[in-house]
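Q: Sharing start-v3.pdb here; it has PDB, C-alpha atoms.
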ATOM      1  CA  MET A   1      72.399  54.229  96.485
ATOM      2  CA  PHE A   2      72.455  51.002  98.459
ATOM      3  CA  ALA A   3      74.050  47.584  98.901
ATOM      4  CA  HIS A   4      72.176  44.682 100.449
ATOM      5  CA  MET A   5      73.575  43.144 103.619
ATOM      6  CA  PRO A   6      75.129  39.984 102.113
ATOM      7  CA  ILE A   7      77.623  42.239 100.317
ATOM      8  CA  ILE A   8      78.512  43.980 103.584
ATOM      9  CA  ARG A   9      78.646  40.570 105.286
ATOM     10  CA  ASP A  10      81.177  39.162 102.827
ATOM     11  CA  ILE A  11      83.478  42.171 103.237
ATOM     12  CA  LEU A  12      83.347  41.991 107.036
ATOM     13  CA  TYR A  13      83.637  38.202 107.250
ATOM     14  CA  GLY A  14      86.513  38.318 104.801
ATOM     15  CA  ALA A  15      88.278  41.029 106.794
ATOM     16  CA  ALA A  16      87.819  38.900 109.929
ATOM     17  CA  GLN A  17      89.625  36.033 108.176
ATOM     18  CA  TYR A  18      92.606  38.336 107.744
ATOM     19  CA  GLY A  19      92.921  39.498 111.318
ATOM     20  CA  ALA A  20      90.173  42.070 111.862
ATOM     21  CA  SER A  21      87.698  41.811 114.747
ATOM     22  CA  LEU A  22      84.182  41.246 113.416
ATOM     23  CA  PRO A  23      82.457  42.654 116.547
ATOM     24  CA  ALA A  24      84.683  45.745 116.383
ATOM     25  CA  LEU A  25      83.908  46.287 112.692
ATOM     26  CA  CYS A  26      80.159  45.952 113.331
ATOM     27  CA  ARG A  27      80.346  48.410 116.222
ATOM     28  CA  GLU A  28      82.236  50.965 114.144
ATOM     29  CA  LEU A  29      79.700  50.681 111.328
ATOM     30  CA  LYS A  30      76.738  50.508 113.750
ATOM     31  CA  ILE A  31      75.551  47.284 112.109
ATOM     32  CA  SER A  32      74.046  44.359 113.983
ATOM     33  CA  SER A  33      75.891  41.095 113.261
ATOM     34  CA  THR A  34      72.517  39.305 113.266
ATOM     35  CA  ASP A  35      71.388  41.399 110.279
ATOM     36  CA  LEU A  36      74.352  40.590 108.035
ATOM     37  CA  ASN A  37      72.672  37.598 106.358
ATOM     38  CA  ARG A  38      69.386  39.374 105.661
ATOM     39  CA  SER A  39      69.180  40.377 102.013
ATOM     40  CA  ASP A  40      66.007  42.352 102.707
ATOM     41  CA  ILE A  41      68.045  44.861 104.743
ATOM     42  CA  VAL A  42      70.176  47.352 102.839
ATOM     43  CA  ALA A  43      73.088  49.613 103.736
ATOM     44  CA  ASP A  44      73.048  53.166 102.433
ATOM     45  CA  PHE A  45      75.758  54.555 100.151
ATOM     46  CA  LYS A  46      77.947  55.985 102.913
ATOM     47  CA  THR A  47      77.768  52.836 105.053
ATOM     48  CA  ALA A  48      78.588  50.677 102.025
ATOM     49  CA  TYR A  49      81.774  52.477 101.038
ATOM     50  CA  THR A  50      82.764  53.072 104.663
ATOM     51  CA  THR A  51      82.633  49.287 105.144
ATOM     52  CA  TRP A  52      85.555  49.013 102.754
ATOM     53  CA  GLU A  53      87.425  51.809 104.520
ATOM     54  CA  VAL A  54      87.199  50.221 107.952
ATOM     55  CA  ALA A  55      87.942  46.725 106.592
ATOM     56  CA  VAL A  56      91.109  47.843 104.799
ATOM     57  CA  LYS A  57      92.231  49.835 107.829
ATOM     58  CA  ALA A  58      91.581  46.938 110.220
ATOM     59  CA  THR A  59      93.496  44.417 108.092
ATOM     60  CA  GLY A  60      96.221  46.776 106.938
ATOM     61  CA  ASP A  61      95.937  45.169 103.498
ATOM     62  CA  PRO A  62      95.801  47.556 100.513
ATOM     63  CA  THR A  63      94.874  44.612  98.245
ATOM     64  CA  LEU A  64      92.020  43.350 100.411
ATOM     65  CA  GLY A  65      89.625  43.438  97.449
ATOM     66  CA  LEU A  66      91.733  40.881  95.588
ATOM     67  CA  ARG A  67      91.977  38.657  98.682
ATOM     68  CA  LEU A  68      88.225  38.729  99.210
ATOM     69  CA  GLY A  69      87.594  38.094  95.530
ATOM     70  CA  ALA A  70      89.533  34.843  95.804
ATOM     71  CA  ILE A  71      86.967  33.544  98.309
ATOM     72  CA  THR A  72      83.844  35.157  96.846
ATOM     73  CA  THR A  73      80.863  32.863  96.232
ATOM     74  CA  PRO A  74      77.571  33.395  94.367
ATOM     75  CA  SER A  75      75.836  33.951  97.738
ATOM     76  CA  ILE A  76      77.124  37.536  97.800
ATOM     77  CA  LEU A  77      74.347  38.383  95.305
ATOM     78  CA  GLY A  78      71.581  36.598  97.201
ATOM     79  CA  ILE A  79      68.800  35.343  94.947
ATOM     80  CA  VAL A  80      70.840  36.343  91.891
ATOM     81  CA  GLY A  81      73.468  33.828  92.986
ATOM     82  CA  HIS A  82      70.848  31.073  92.895
ATOM     83  CA  VAL A  83      69.900  32.163  89.387
ATOM     84  CA  MET A  84      73.555  31.913  88.316
ATOM     85  CA  GLN A  85      74.032  28.439  89.782
ATOM     86  CA  ASN A  86      71.203  26.990  87.711
ATOM     87  CA  CYS A  87      72.097  28.524  84.350
ATOM     88  CA  ARG A  88      73.251  26.435  81.395
ATOM     89  CA  THR A  89      76.627  28.165  80.740
ATOM     90  CA  LEU A  90      79.014  30.717  82.261
ATOM     91  CA  HIS A  91      77.994  33.185  79.552
ATOM     92  CA  GLU A  92      74.343  32.784  80.518
ATOM     93  CA  ALA A  93      75.171  33.076  84.226
ATOM     94  CA  PHE A  94      77.014  36.391  83.841
ATOM     95  CA  SER A  95      74.274  37.761  81.597
ATOM     96  CA  ARG A  96      71.835  37.147  84.467
ATOM     97  CA  VAL A  97      74.105  39.111  86.794
ATOM     98  CA  CYS A  98      73.921  42.000  84.322
ATOM     99  CA  ALA A  99      70.128  41.751  84.280
ATOM    100  CA  PHE A 100      69.445  41.342  87.996
ATOM    101  CA  SER A 101      72.385  42.836  89.938
ATOM    102  CA  ALA A 102      70.276  45.858  90.931
ATOM    103  CA  VAL A 103      68.439  43.512  93.309
ATOM    104  CA  ALA A 104      71.641  43.432  95.385
ATOM    105  CA  THR A 105      73.068  46.907  94.770
ATOM    106  CA  ASP A 106      72.768  49.933  92.521
ATOM    107  CA  MET A 107      76.311  51.061  93.319
ATOM    108  CA  PHE A 108      77.793  48.719  90.722
ATOM    109  CA  LYS A 109      76.905  47.718  87.172
ATOM    110  CA  TYR A 110      77.987  44.765  85.063
ATOM    111  CA  ALA A 111      77.968  44.369  81.298
ATOM    112  CA  LEU A 112      78.712  41.557  78.824
ATOM    113  CA  THR A 113      79.694  42.234  75.213
ATOM    114  CA  ASP A 114      80.558  39.638  72.573
ATOM    115  CA  LYS A 115      83.202  40.894  70.150
ATOM    116  CA  GLY A 116      84.037  38.327  67.490
ATOM    117  CA  GLU A 117      85.843  35.420  69.130
ATOM    118  CA  GLN A 118      86.088  37.207  72.467
ATOM    119  CA  THR A 119      83.684  38.241  75.234
ATOM    120  CA  VAL A 120      84.281  41.338  77.367
ATOM    121  CA  LEU A 121      82.932  41.531  80.918
ATOM    122  CA  THR A 122      82.938  45.034  82.396
ATOM    123  CA  PHE A 123      82.693  46.025  86.055
ATOM    124  CA  SER A 124      81.617  49.612  86.739
ATOM    125  CA  PRO A 125      81.235  51.352  90.116
ATOM    126  CA  ALA A 126      78.877  54.343  90.142
ATOM    127  CA  HIS A 127      80.615  57.545  89.033
ATOM    128  CA  ALA A 128      79.598  59.280  92.255
ATOM    129  CA  TRP A 129      81.281  56.489  94.225
ATOM    130  CA  ILE A 130      84.487  56.931  92.235
ATOM    131  CA  ARG A 131      84.414  60.660  92.972
ATOM    132  CA  VAL A 132      83.577  60.373  96.665
ATOM    133  CA  SER A 133      85.783  57.403  97.560
ATOM    134  CA  PRO A 134      87.971  56.237  94.667
ATOM    135  CA  ALA A 135      90.034  53.906  96.875
ATOM    136  CA  THR A 136      86.993  51.910  98.016
ATOM    137  CA  ALA A 137      85.519  51.858  94.496
ATOM    138  CA  ARG A 138      88.801  50.271  93.400
ATOM    139  CA  GLN A 139      88.614  47.696  96.207
ATOM    140  CA  ALA A 140      85.091  46.752  95.141
ATOM    141  CA  SER A 141      86.142  46.472  91.490
ATOM    142  CA  ASP A 142      89.089  44.267  92.425
ATOM    143  CA  GLN A 143      86.812  42.024  94.468
ATOM    144  CA  ALA A 144      84.218  41.807  91.699
ATOM    145  CA  MET A 145      86.781  40.959  89.003
ATOM    146  CA  ARG A 146      88.781  38.447  91.046
ATOM    147  CA  GLY A 147      85.502  37.155  92.465
ATOM    148  CA  CYS A 148      84.208  36.541  88.951
ATOM    149  CA  LEU A 149      87.058  34.080  88.346
ATOM    150  CA  ASN A 150      86.391  32.243  91.602
ATOM    151  CA  VAL A 151      82.643  32.087  91.018
ATOM    152  CA  PHE A 152      83.232  30.760  87.493
ATOM    153  CA  PHE A 153      85.378  28.005  89.023
ATOM    154  CA  LEU A 154      82.737  27.157  91.637
ATOM    155  CA  LEU A 155      80.009  27.018  89.003
ATOM    156  CA  SER A 156      81.862  25.018  86.368
ATOM    157  CA  GLY A 157      84.727  23.234  88.131
ATOM    158  CA  ARG A 158      87.080  24.812  85.603
ATOM    159  CA  ARG A 159      89.622  27.565  86.256
ATOM    160  CA  LEU A 160      89.394  30.000  83.366
ATOM    161  CA  GLN A 161      92.261  32.293  82.491
ATOM    162  CA  PRO A 162      91.276  35.579  80.876
ATOM    163  CA  VAL A 163      92.959  36.681  77.665
ATOM    164  CA  SER A 164      93.662  39.979  79.422
ATOM    165  CA  ALA A 165      92.409  42.251  82.201
ATOM    166  CA  ALA A 166      92.015  46.036  82.247
ATOM    167  CA  PHE A 167      91.783  48.411  85.199
ATOM    168  CA  THR A 168      90.900  52.103  85.388
ATOM    169  CA  CYS A 169      93.333  52.667  88.269
ATOM    170  CA  ASN A 170      97.004  53.491  87.729
ATOM    171  CA  LYS A 171      99.589  50.728  87.977
ATOM    172  CA  PRO A 172      99.671  49.709  91.671
ATOM    173  CA  SER A 173     102.763  49.194  93.780
ATOM    174  CA  GLN A 174     101.447  45.687  94.576
ATOM    175  CA  LEU A 175     101.610  44.659  90.892
ATOM    176  CA  GLU A 176     102.706  41.117  91.720
ATOM    177  CA  ARG A 177      99.472  40.504  93.652
ATOM    178  CA  TYR A 178      97.458  41.477  90.561
ATOM    179  CA  THR A 179      99.578  39.280  88.321
ATOM    180  CA  GLN A 180      99.081  36.313  90.638
ATOM    181  CA  SER A 181      95.346  36.964  90.896
ATOM    182  CA  PHE A 182      94.585  37.111  87.176
ATOM    183  CA  GLY A 183      97.420  35.225  85.466
ATOM    184  CA  CYS A 184      97.138  37.196  82.238
ATOM    185  CA  PRO A 185      98.435  40.419  80.640
ATOM    186  CA  LEU A 186      97.265  43.448  82.651
ATOM    187  CA  ARG A 187      96.564  46.995  81.506
ATOM    188  CA  PHE A 188      96.165  49.925  83.886
ATOM    189  CA  GLY A 189      94.784  53.414  83.286
ATOM    190  CA  ALA A 190      92.118  51.891  81.004
ATOM    191  CA  LYS A 191      88.705  53.397  80.276
ATOM    192  CA  SER A 192      86.892  50.576  82.087
ATOM    193  CA  ASN A 193      87.502  47.625  84.390
ATOM    194  CA  ALA A 194      87.219  44.543  82.217
ATOM    195  CA  LEU A 195      88.006  40.858  81.881
ATOM    196  CA  ILE A 196      88.400  39.601  78.320
ATOM    197  CA  PHE A 197      87.811  35.897  77.645
ATOM    198  CA  GLN A 198      87.799  33.678  74.628
ATOM    199  CA  ARG A 199      84.114  33.515  73.765
ATOM    200  CA  ALA A 200      84.174  29.720  73.575
ATOM    201  CA  ASP A 201      85.446  29.462  77.169
ATOM    202  CA  LEU A 202      82.276  31.067  78.509
ATOM    203  CA  GLN A 203      80.148  28.442  76.782
ATOM    204  CA  HIS A 204      81.409  25.914  79.341
ATOM    205  CA  PRO A 205      78.438  24.107  80.978
ATOM    206  CA  LEU A 206      77.681  24.549  84.665
ATOM    207  CA  ASN A 207      77.653  21.715  87.184
ATOM    208  CA  GLN A 208      74.186  22.368  88.602
ATOM    209  CA  TYR A 209      72.210  23.403  85.527
ATOM    210  CA  ASP A 210      68.503  22.880  86.193
ATOM    211  CA  GLN A 211      65.994  24.548  83.895
ATOM    212  CA  SER A 212      63.131  24.151  86.338
ATOM    213  CA  LEU A 213      65.043  25.774  89.215
ATOM    214  CA  LEU A 214      66.370  28.462  86.879
ATOM    215  CA  THR A 215      62.811  29.409  85.926
ATOM    216  CA  THR A 216      61.771  29.499  89.589
ATOM    217  CA  PHE A 217      64.712  31.600  90.787
ATOM    218  CA  GLU A 218      64.497  33.953  87.809
ATOM    219  CA  ALA A 219      60.861  34.625  88.652
ATOM    220  CA  LEU A 220      61.821  35.400  92.258
ATOM    221  CA  ALA A 221      64.682  37.668  91.143
ATOM    222  CA  ARG A 222      62.409  39.477  88.710
ATOM    223  CA  LYS A 223      59.840  39.958  91.460
ATOM    224  CA  GLN A 224      62.451  41.413  93.821
ATOM    225  CA  LEU A 225      63.772  43.691  91.076
ATOM    226  CA  HIS A 226      60.290  44.961  90.293
ATOM    227  CA  LYS A 227      59.664  45.477  93.991
ATOM    228  CA  ARG A 228      62.776  47.642  94.322
ATOM    229  CA  GLN A 229      61.929  49.575  91.176
ATOM    230  CA  ALA A 230      58.308  50.080  92.250
ATOM    231  CA  LYS A 231      59.493  51.906  95.350
ATOM    232  CA  ARG A 232      61.323  54.438  93.209
ATOM    233  CA  SER A 233      59.549  57.623  92.254
ATOM    234  CA  PHE A 234      60.537  59.774  89.277
ATOM    235  CA  ALA A 235      62.466  61.992  91.698
ATOM    236  CA  ASP A 236      64.344  58.886  92.890
ATOM    237  CA  GLU A 237      65.248  58.081  89.285
ATOM    238  CA  VAL A 238      66.590  61.604  88.835
ATOM    239  CA  VAL A 239      68.693  61.312  91.993
ATOM    240  CA  GLN A 240      70.038  57.920  90.884
ATOM    241  CA  CYS A 241      70.916  59.299  87.465
ATOM    242  CA  MET A 242      72.752  62.241  89.048
ATOM    243  CA  ARG A 243      74.757  59.936  91.288
ATOM    244  CA  TYR A 244      75.589  57.351  88.651
ATOM    245  CA  GLU A 245      75.966  59.235  85.400
ATOM    246  CA  PHE A 246      77.281  62.630  86.390
ATOM    247  CA  ALA A 247      79.868  61.936  89.100
ATOM    248  CA  ALA A 248      80.314  64.911  91.432
ATOM    249  CA  ARG A 249      78.970  67.532  89.043
ATOM    250  CA  VAL A 250      75.207  67.993  89.207
ATOM    251  CA  PRO A 251      73.947  68.990  85.737
ATOM    252  CA  SER A 252      71.498  71.703  84.767
ATOM    253  CA  LEU A 253      67.812  70.880  84.473
ATOM    254  CA  GLU A 254      68.050  71.043  80.666
ATOM    255  CA  VAL A 255      71.000  68.641  80.535
ATOM    256  CA  MET A 256      69.336  66.197  82.930
ATOM    257  CA  ALA A 257      66.074  66.180  80.968
ATOM    258  CA  ALA A 258      67.947  65.562  77.714
ATOM    259  CA  HIS A 259      69.970  62.791  79.338
ATOM    260  CA  MET A 260      66.758  61.079  80.444
ATOM    261  CA  ASN A 261      65.318  61.445  76.922
ATOM    262  CA  ILE A 262      62.359  63.658  77.819
ATOM    263  CA  SER A 263      61.519  67.304  77.250
ATOM    264  CA  VAL A 264      62.132  69.912  79.927
ATOM    265  CA  ARG A 265      58.385  70.493  80.148
ATOM    266  CA  THR A 266      57.634  66.777  80.710
ATOM    267  CA  PHE A 267      60.515  66.527  83.167
ATOM    268  CA  GLN A 268      59.169  69.403  85.276
ATOM    269  CA  ARG A 269      55.599  68.071  85.074
ATOM    270  CA  LYS A 270      56.706  64.672  86.409
ATOM    271  CA  LEU A 271      58.500  66.286  89.336
ATOM    272  CA  SER A 272      55.581  68.596  90.052
ATOM    273  CA  ALA A 273      53.235  65.602  90.191
ATOM    274  CA  GLU A 274      55.370  64.323  93.092
ATOM    275  CA  ARG A 275      55.547  67.796  94.656
ATOM    276  CA  LYS A 276      59.262  68.016  93.946
ATOM    277  CA  ASN A 277      61.393  70.587  92.184
ATOM    278  CA  TYR A 278      64.728  70.239  90.470
ATOM    279  CA  ARG A 279      66.642  72.754  92.556
ATOM    280  CA  ASP A 280      65.822  70.950  95.809
ATOM    281  CA  ILE A 281      66.908  67.620  94.321
ATOM    282  CA  ALA A 282      70.120  69.114  92.945
ATOM    283  CA  ASP A 283      70.866  70.658  96.343
ATOM    284  CA  GLN A 284      70.193  67.340  98.097
ATOM    285  CA  VAL A 285      72.646  65.443  95.891
ATOM    286  CA  SER A 286      75.237  68.232  95.924
ATOM    287  CA  LYS A 287      75.114  68.360  99.722
ATOM    288  CA  GLU A 288      75.502  64.573  99.945
ATOM    289  CA  ILE A 289      78.506  64.575  97.600
ATOM    290  CA  ALA A 290      80.178  67.544  99.302
ATOM    291  CA  LEU A 291      79.786  66.087 102.793
ATOM    292  CA  SER A 292      81.108  62.707 101.665
ATOM    293  CA  LEU A 293      84.158  64.274  99.995
ATOM    294  CA  LEU A 294      84.908  66.469 102.997
ATOM    295  CA  ALA A 295      84.376  63.634 105.480
ATOM    296  CA  SER A 296      87.448  61.796 104.214
ATOM    297  CA  GLY A 297      89.638  64.540 105.643
ATOM    298  CA  LYS A 298      92.025  64.055 102.725
ATOM    299  CA  THR A 299      90.401  66.389 100.198
ATOM    300  CA  ARG A 300      90.973  70.132 100.410
ATOM    301  CA  VAL A 301      88.034  72.502 100.162
ATOM    302  CA  SER A 302      89.471  73.917  96.936
ATOM    303  CA  ASP A 303      89.696  70.398  95.473
ATOM    304  CA  VAL A 304      86.082  69.639  96.403
ATOM    305  CA  SER A 305      85.054  72.910  94.791
ATOM    306  CA  HIS A 306      86.864  71.950  91.570
ATOM    307  CA  LEU A 307      85.479  68.391  91.537
ATOM    308  CA  MET A 308      81.951  69.712  91.893
ATOM    309  CA  GLY A 309      82.382  72.149  89.013
ATOM    310  CA  TYR A 310      82.515  75.489  90.833
ATOM    311  CA  SER A 311      84.622  78.176  89.171
ATOM    312  CA  GLU A 312      85.828  79.550  92.519
ATOM    313  CA  PRO A 313      86.019  78.071  96.051
ATOM    314  CA  SER A 314      84.074  81.102  97.282
ATOM    315  CA  ALA A 315      81.089  80.075  95.121
ATOM    316  CA  PHE A 316      81.250  76.563  96.580
ATOM    317  CA  ARG A 317      81.392  77.957 100.139
ATOM    318  CA  ARG A 318      78.279  80.056  99.520
ATOM    319  CA  ALA A 319      76.420  77.059  98.114
ATOM    320  CA  PHE A 320      77.575  74.865 101.006
ATOM    321  CA  ARG A 321      76.313  77.391 103.546
ATOM    322  CA  ARG A 322      72.953  77.435 101.760
ATOM    323  CA  TRP A 323      72.725  73.604 101.951
ATOM    324  CA  THR A 324      73.962  73.138 105.502
ATOM    325  CA  LYS A 325      73.890  76.517 107.297
ATOM    326  CA  SER A 326      77.556  75.834 108.045
ATOM    327  CA  THR A 327      80.986  76.030 106.405
ATOM    328  CA  PRO A 328      83.030  73.371 104.566
ATOM    329  CA  ARG A 329      85.830  73.571 107.140
ATOM    330  CA  LYS A 330      83.467  72.671 109.959
ATOM    331  CA  ALA A 331      82.370  69.594 107.995
ATOM    332  CA  ARG A 332      85.910  68.227 107.863
ATOM    333  CA  PRO A 333      86.968  65.807 110.633
ATOM    334  CA  GLU A 334      89.228  67.127 113.375
TER
END
Kindly present the structure from the file in structure tokens form.
A:
Amino acid sequence: MFAHMPIIRDILYGAAQYGASLPALCRELKISSTDLNRSDIVADFKTAYTTWEVAVKATGDPTLGLRLGAITTPSILGIVGHVMQNCRTLHEAFSRVCAFSAVATDMFKYALTDKGEQTVLTFSPAHAWIRVSPATARQASDQAMRGCLNVFFLLSGRRLQPVSAAFTCNKPSQLERYTQSFGCPLRFGAKSNALIFQRADLQHPLNQYDQSLLTTFEALARKQLHKRQAKRSFADEVVQCMRYEFAARVPSLEVMAAHMNISVRTFQRKLSAERKNYRDIADQVSKEIALSLLASGKTRVSDVSHLMGYSEPSAFRRAFRRWTKSTPRKARPE
């Protein structure tokens, strides 16, 4: 999984506005400050979620995601932001985010659903992200949801108030900050992160609508999306599906093939054509998830074992030794 640099840039620049040292953050993440504005450079999964960890730690603000959302602009999505700015309505603009967001990151998905007189916008971090670093997945969701309101204002000149907002996290101790940020009834412990609007409100026209520019930027976004997708092999698609759809538990070959809507025989043939096999891929993803969970230093080995679906910690330890030639305890920070 990845996030392009403008996303990392906005988190770091935002943290710097609230007291953090930008050079120090870049050094800790081993990122060059000159690369932050380059959307052609991407940060890997671990760097992306670690960016949130170091930013929250440096600012000491547990609601940093909400703060950054309040100053989020369409530029965080690169070319997709230009597409949004030239759409006809807010509804159309968010639908383009749903269509093209994978240009900027595959760690987060957006969806738009019209239900009668209301429209529901959902904001979904990858399941693997939620498992590996739930606190940073929450920060990103908070930024995306609060950022949606600010971007809508920048695009239309109108401050929209949602009918309601839903969050998958439990009710936070900083409830007042959430109330101030969204100005509507809030629900926590929900099945998805969502903003619910009156459908008519999202038909509000945008200030910079330009059909000609929209066509141009959509073509560029589509080209970038195809370019990213073209780089992905079938094995890459399998890995992505494991990370996004199955959280920390890597499924059996039969379950994965069924989930991808192909037969086991076709599934194996596709992998064989790329000189890959399912066990190696499953081990790769399992190792990545285990190391990420252990690296936090806050998750016990027995908890990691349970999260990853092992019946006994001893079975997890044996698997971990096979992946890494080491033990889970040695992978934990001192």
Q: Please produce, as a tab-separated table, a per-residue contact table for segment 75-160 of chain A versus segment 183-193 of chain A (criterion: any atom at most 10 Å away, all atoms listed in the file considered), showing the nearest atom pair and its distance in Å to one decimal, sorted by chain then residue number.
A:
residue	atom	partner	partner_atom	distance
A:Tyr110	CA	A:Asn193	CA	10.0
A:Val120	CA	A:Asn193	CA	10.0
A:Leu121	CA	A:Asn193	CA	8.4
A:Thr122	CA	A:Asn193	CA	5.6
A:Phe123	CA	A:Asn193	CA	5.3
A:Ser124	CA	A:Asn193	CA	6.6
A:Pro125	CA	A:Asn193	CA	9.3
A:Arg138	CA	A:Asn193	CA	9.5
A:Ser141	CA	A:Asn193	CA	7.3
A:Asp142	CA	A:Asn193	CA	8.9
A:Ala144	CA	A:Asn193	CA	9.9
A:Met145	CA	A:Asn193	CA	8.1
A:Leu160	CA	A:Gly183	CA	9.8
Q: For this file, the PyMOL selection byres ((chain A and resi 226-235) around 9) selects which residues, as an NGL selection string?
A: :A and (102-103 or 221-225 or 236-240 or 270-271 or 274 or 276-278 or 281)
Q: Would you mind listing, for every residue of segment 59-129 of chain A within 10 Å of segment 36-53 of chain A, the two atoms forming the shortest contact and the distance between them in Å to one decimal, using all atoms listed in the file, sorted by chain and ascending residue number, as CSV?
A:
residue,atom,partner,partner_atom,distance
A:Leu64,CA,A:Trp52,CA,8.9
A:Gly65,CA,A:Trp52,CA,8.7
A:Ser75,CA,A:Asn37,CA,9.9
A:Ile76,CA,A:Ser39,CA,9.4
A:Leu77,CA,A:Ser39,CA,8.7
A:Gly78,CA,A:Ser39,CA,6.6
A:Ile79,CA,A:Ser39,CA,8.7
A:Val103,CA,A:Ser39,CA,9.3
A:Ala104,CA,A:Ser39,CA,7.7
A:Thr105,CA,A:Val42,CA,8.6
A:Asp106,CA,A:Phe45,CA,9.4
A:Met107,CA,A:Phe45,CA,7.7
A:Ala128,CA,A:Phe45,CA,10.0
A:Trp129,CA,A:Tyr49,CA,7.9
Q: Scan for residues within 8 Å of the point (82.3, 43.5, 77.8) in the coordinates of the file, using all atoms listed in the file, and reply as a VMD selection string.
A: chain A and resid 111 to 114 119 to 122 194 to 196
Q: Calculated over all atoms listed in the file, which of the candidates A:Gly309, A:Arg318, A:Leu294, A:Gln118 has the smallest distance to Lys330 of chain A?
A: A:Leu294
Q: Hey, what's within 10 Å of Ala126 of chain A if we count all atoms listed in the file and toss same-chain stuff fewer than 6 positions away? As an MDAnalysis selection string, please?
A: chainID A and resid 1 106:109 137 240:241 243:247
Q: Atom CA of Gly19 of chain A to atom CA of Ser173 of chain A: how many Å, to one decimal?
A: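 It comes out at 22.3 Å.
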Q: For Ala331 of chain A, work out the shell of residues within 12 Å, counting all atoms listed in the file and skipping chain neighbours fewer than 2 positions away, then give it as a list in words.
A: Lys287, Glu288, Ala290, Leu291, Ser292, Leu293, Leu294, Ala295, Ser296, Gly297, Thr299, Arg300, Val301, Arg317, Phe320, Arg321, Thr324, Lys325, Ser326, Thr327, Pro328, Arg329, Pro333 and Glu334 of chain A
Q: Around the point (94.6, 36.9, 88.9) in the file's coordinates, collect all residues with an atom within 9 Å, using only C-alpha atoms, and return them as a list in words.
A: Leu66, Ala70, Met145, Arg146, Leu149, Gln161, Pro162, Ala165, Arg177, Tyr178, Thr179, Gln180, Ser181, Phe182, Gly183 and Cys184 of chain A
Q: Please report the interatomic distance between atom CA of Val56 of chain A and atom CA of Ile7 of chain A in Å with one decimal.
A: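 Between atom CA of Val56 of chain A and atom CA of Ile7 of chain A the gap is 15.3 Å.
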Q: Please write as a ChimeraX atom specification the full residue list that the PyMOL selection byres ((chain A and resi 91) around 12) yields on this file.
A: /A:84-85,87-90,92-98,111-114,118-121,148,152,155-156,197-206
Q: Mind pulling up the distance from atom CA of Ala282 of chain A to atom CA of Val264 of chain A?
A: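 Distance between the two atoms: 15.3 Å.
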Q: Ranking A:Cys169, A:Gly116, A:Ala15, A:Pro6 by minimum distance to Thr34 of chain A and counting only C-alpha atoms, which one comes first?
A: A:Pro6
Q: Looking at A:Arg158, A:Arg27, A:His4, A:Arg67, which one is nearest to Gln139 of chain A, with distances taken over all atoms listed in the file?
A: A:Arg67
Q: So which residues get picked by the PyMOL selection byres ((chain A and resi 308) around 9) here, written as a list in words?
A: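 Applying the PyMOL selection byres ((chain A and resi 308) around 9) to the structure shown produces Ala247, Ala248, Arg249, Val250, Ser286, Ile289, Ala290, Asp303, Val304, Ser305, His306, Leu307, Gly309, Tyr310 and Phe316 of chain A.
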Q: Can I get the selected residues back with C-alpha atoms, as a PDB file, in the coordinates of the input?
A:
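Generated output (result_1.pdb):
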ATOM      1  CA  ALA A 247      79.868  61.936  89.100  1.00  0.00           C
ATOM      2  CA  ALA A 248      80.314  64.911  91.432  1.00  0.00           C
ATOM      3  CA  ARG A 249      78.970  67.532  89.043  1.00  0.00           C
ATOM      4  CA  VAL A 250      75.207  67.993  89.207  1.00  0.00           C
ATOM      5  CA  SER A 286      75.237  68.232  95.924  1.00  0.00           C
ATOM      6  CA  ILE A 289      78.506  64.575  97.600  1.00  0.00           C
ATOM      7  CA  ALA A 290      80.178  67.544  99.302  1.00  0.00           C
ATOM      8  CA  ASP A 303      89.696  70.398  95.473  1.00  0.00           C
ATOM      9  CA  VAL A 304      86.082  69.639  96.403  1.00  0.00           C
ATOM     10  CA  SER A 305      85.054  72.910  94.791  1.00  0.00           C
ATOM     11  CA  HIS A 306      86.864  71.950  91.570  1.00  0.00           C
ATOM     12  CA  LEU A 307      85.479  68.391  91.537  1.00  0.00           C
ATOM     13  CA  GLY A 309      82.382  72.149  89.013  1.00  0.00           C
ATOM     14  CA  TYR A 310      82.515  75.489  90.833  1.00  0.00           C
ATOM     15  CA  PHE A 316      81.250  76.563  96.580  1.00  0.00           C
TER      16      PHE A 316
END
Q: Can you tell me which residues surround Ser33 of chain A at a distance of at most 12 Å, considering all atoms listed in the file, apart from same-chain residues fewer than 4 positions away, and format the answer as an NGL selection string?
A: :A and (5-6 or 8-10 or 12-13 or 21-29 or 37-38)
Q: Which residue gives the smallest distance to Val151 of chain A among A:Thr216, A:Asn170, A:Ser272, A:Thr72, with all atoms listed in the file counted?
A: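 The shortest atom-to-atom distance to Val151 of chain A comes from A:Thr72.
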